[in-house]
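Working notes, beginning with the structure itself.
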Amino acid sequence: APAATPAALIAPAAPEGKAWTLSDFDFTQAHSDASAPRGRQVYLAAGCVQCHRAGLEGGLIGPDLTSVASRFSAQDLLDHILNPSKAVDEKFRLAVLTLKDGTTVSGTLEQDEDPVVVQPGDPGAAPLEIAKAQIQERQWSDQSPMPSGLLDAFSRDQVYDLLAFLTALKPAGP
């Protein structure tokens with residue numbers, strides 16, 4: 001049987017969508033009914049896996065989430081998910097290059113030698129090689145390449161499941 005696509009793994013439960021804010025979630029009590037396996041399904045369905053590595057699967061456009069629980073509490077982690085541009089690690093900031101022909105290219109810099117190699121923000125897009133002589137101006141975006149609103153189609157319980165998955169992640173090995 002063919003493998004299910006991530007969107008087919010779990011249907012978002014909030015039929016009309018909700019623009020979640022951090023205050024919509026209660027971190028003063030444990031959520032023992034939250035499920036890491038269900039949270040993995042939310043992780044896949046929300047598309048997190050396209051840009052973020054968790055364990056041995058996922059992309060490398062965004063930070064590796066394998067040991068995210070050692071750096072952030074569940075509340076802080078959710079704050080970063082809901083507000084992705086709140087704090088953008090310099091390694092993942094988008095470069096915005098204005099070329100001498102007037103076109104603009106944005107993405108993460110994979111190589112800053114000549115030619116400059118830019119990985120566009122779209123997962124799966126091929127890297128672009130640009131001769132340094134063609135670059136007129138270089139700026140850094142304060143906006144995260146991670147879109148906001150990724151969790152708006154999911155229920156509160158599904159968001160808690162996602163947090164259970166992320167906080168249960170541990171690096172492999174001894």
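In the structure tokens, chains take the letters A, B, ... in the order shown, each chain's residues start at 1, and ligands count up from 1 in the order shown.
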
**OP:** Tell me which protein, DNA and RNA residues are within 8 Å of Ala74 (chain A), counting only C-alpha atoms, leaving out same-chain ones fewer than 3 positions away, and put them as a list in words.
**Re:** Ala69, Leu77, Leu78, Leu163 and Thr167 of chain A

Subject >> Nearby residues (only C-alpha atoms) at most 10 Å from Gly149 (chain A), same-chain spacing under 5 positions excluded, as a VMD selection string >> reply: chain A and resid 17 to 21 46 81 to 84

**OP:** Give the strand (DSSP E or B) residues of region 11-143 of chain A, as assigned by DSSP on the backbone, as number ranges by chain.
**Re:** A: 53-54, 57-58, 95-99, 104-111, 116-119, 128-130, 135-140

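Note that the spacing between CA of Phe25 (chain A) and CA of Lys170 (chain A) amounts to 24.2 Å.
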
Subject >> Asp24 (chain A) surroundings by only C-alpha atoms, 12 Å radius, close-in-sequence under 6 positions cut, as a VMD selection string >> reply: chain A and resid 18 75 78 to 79 82 152 155 to 157 159 to 160

Original post:
Near Asp89 (chain A), counting only C-alpha atoms, which residues have an atom at most 9 Å away, once you skip same-chain residues fewer than 2 positions from it, shown as number ranges by chain?
Top reply: A: 63, 87, 91-93, 144

Take the residues just selected and output them with C-alpha atoms as a PDB file, in the first residue's frame.
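The resulting selection_31.pdb:
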```pdb
ATOM      1  CA  PRO A  63      16.476  24.442  13.713  1.00  0.00           C
ATOM      2  CA  ALA A  87      13.486  35.502  18.096  1.00  0.00           C
ATOM      3  CA  LYS A  91      21.767  30.883  11.236  1.00  0.00           C
ATOM      4  CA  PHE A  92      18.168  30.792  10.005  1.00  0.00           C
ATOM      5  CA  ARG A  93      17.567  34.443   9.151  1.00  0.00           C
ATOM      6  CA  SER A 144      11.230  34.144  10.401  1.00  0.00           C
TER       7      SER A 144
END
```

Subject >> Close residues, Val118 (chain A) itself excluded, 10 Å, only C-alpha atoms, min 5 positions apart in chain, as a list in words >> reply: Leu94, Ala95, Val96, Leu97, Val105, Ser106, Gly107, Thr108, Leu109, Glu110, Gln111, Asp112, Ala126, Pro127, Leu128, Glu129 and Ile130 of chain A

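Each of A:Glu90, A:Leu150, A:Asp114, A:Gly39 was checked against Gly62 (chain A) using only C-alpha atoms; the smallest atom-to-atom distance is that of A:Glu90.
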
**OP:** Pull the alpha helix (DSSP H) assignments for region 10-160 of chain A out of DSSP run on the backbone, and list those residues as a ChimeraX atom specification.
**Re:** /A:36-45,48-51,74-82,156-160

Would you mind listing what lies within 7 Å of Leu162 (chain A) as an mmCIF file with all heavy atoms, in the first residue's frame, with only C-alpha atoms counted and same-chain residues fewer than 3 positions away left out?
```cif
data_model
loop_
_atom_site.group_PDB
_atom_site.id
_atom_site.type_symbol
_atom_site.label_atom_id
_atom_site.label_comp_id
_atom_site.auth_asym_id
_atom_site.auth_seq_id
_atom_site.Cartn_x
_atom_site.Cartn_y
_atom_site.Cartn_z
ATOM 1 N N ALA A 36 2.147 11.962 22.866
ATOM 2 C CA ALA A 36 3.273 12.191 21.955
ATOM 3 C C ALA A 36 3.051 11.512 20.595
ATOM 4 O O ALA A 36 3.333 12.138 19.567
ATOM 5 C CB ALA A 36 4.586 11.733 22.591
ATOM 6 N N GLY A 39 0.792 13.641 18.824
ATOM 7 C CA GLY A 39 1.513 14.879 18.558
ATOM 8 C C GLY A 39 2.424 14.761 17.348
ATOM 9 O O GLY A 39 2.591 15.719 16.583
ATOM 10 N N ARG A 40 3.007 13.591 17.148
ATOM 11 C CA ARG A 40 3.830 13.373 15.953
ATOM 12 C C ARG A 40 2.980 13.511 14.696
ATOM 13 O O ARG A 40 3.428 14.056 13.691
ATOM 14 C CB ARG A 40 4.497 12.000 15.995
ATOM 15 C CG ARG A 40 5.374 11.740 14.773
ATOM 16 C CD ARG A 40 6.081 10.376 14.847
ATOM 17 N NE ARG A 40 6.888 10.175 13.661
ATOM 18 C CZ ARG A 40 6.411 9.711 12.500
ATOM 19 N NH1 ARG A 40 5.129 9.388 12.405
ATOM 20 N NH2 ARG A 40 7.194 9.566 11.466
ATOM 21 N N VAL A 42 0.347 15.428 14.387
ATOM 22 C CA VAL A 42 0.124 16.867 14.210
ATOM 23 C C VAL A 42 1.378 17.507 13.612
ATOM 24 O O VAL A 42 1.290 18.335 12.696
ATOM 25 C CB VAL A 42 -0.254 17.542 15.551
ATOM 26 C CG1 VAL A 42 -0.346 19.060 15.396
ATOM 27 C CG2 VAL A 42 -1.566 16.979 16.085
ATOM 28 N N TYR A 43 2.534 17.110 14.115
ATOM 29 C CA TYR A 43 3.821 17.609 13.601
ATOM 30 C C TYR A 43 3.928 17.370 12.089
ATOM 31 O O TYR A 43 4.323 18.251 11.324
ATOM 32 C CB TYR A 43 4.935 16.888 14.363
ATOM 33 C CG TYR A 43 6.343 17.169 13.916
ATOM 34 C CD1 TYR A 43 7.006 18.313 14.325
ATOM 35 C CD2 TYR A 43 7.024 16.266 13.108
ATOM 36 C CE1 TYR A 43 8.311 18.560 13.929
ATOM 37 C CE2 TYR A 43 8.325 16.510 12.708
ATOM 38 C CZ TYR A 43 8.965 17.652 13.122
ATOM 39 O OH TYR A 43 10.257 17.901 12.729
ATOM 40 N N GLN A 158 -5.000 18.999 20.217
ATOM 41 C CA GLN A 158 -3.964 18.631 19.248
ATOM 42 C C GLN A 158 -2.690 19.444 19.461
ATOM 43 O O GLN A 158 -1.587 18.931 19.287
ATOM 44 C CB GLN A 158 -4.492 18.798 17.821
ATOM 45 C CG GLN A 158 -5.492 17.734 17.441
ATOM 46 C CD GLN A 158 -6.114 17.989 16.081
ATOM 47 O OE1 GLN A 158 -6.500 19.108 15.753
ATOM 48 N NE2 GLN A 158 -6.208 16.939 15.277
ATOM 49 N N VAL A 159 -2.833 20.700 19.863
ATOM 50 C CA VAL A 159 -1.649 21.515 20.153
ATOM 51 C C VAL A 159 -0.927 20.953 21.375
ATOM 52 O O VAL A 159 0.304 20.837 21.382
ATOM 53 C CB VAL A 159 -2.023 23.000 20.337
ATOM 54 C CG1 VAL A 159 -0.816 23.811 20.799
ATOM 55 C CG2 VAL A 159 -2.597 23.576 19.040
ATOM 56 N N PHE A 165 4.770 15.665 22.024
ATOM 57 C CA PHE A 165 5.731 15.055 21.100
ATOM 58 C C PHE A 165 7.065 15.803 21.151
ATOM 59 O O PHE A 165 8.129 15.181 21.297
ATOM 60 C CB PHE A 165 5.157 15.072 19.673
ATOM 61 C CG PHE A 165 6.177 14.719 18.612
ATOM 62 C CD1 PHE A 165 6.658 13.426 18.492
ATOM 63 C CD2 PHE A 165 6.644 15.691 17.739
ATOM 64 C CE1 PHE A 165 7.599 13.097 17.520
ATOM 65 C CE2 PHE A 165 7.584 15.378 16.759
ATOM 66 C CZ PHE A 165 8.061 14.089 16.648
ATOM 67 N N LEU A 166 7.025 17.109 21.026
ATOM 68 C CA LEU A 166 8.270 17.893 20.974
ATOM 69 C C LEU A 166 9.067 17.803 22.272
ATOM 70 O O LEU A 166 10.292 17.730 22.250
ATOM 71 C CB LEU A 166 7.967 19.346 20.617
ATOM 72 C CG LEU A 166 7.424 19.575 19.205
ATOM 73 C CD1 LEU A 166 6.993 21.026 19.032
ATOM 74 C CD2 LEU A 166 8.441 19.169 18.143
#
```

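Closest approach to Leu151 (chain A) from the set A:Gln139, A:Ala133, A:Ile61, A:Gly47 is made by A:Gly47, with distances taken over only C-alpha atoms.
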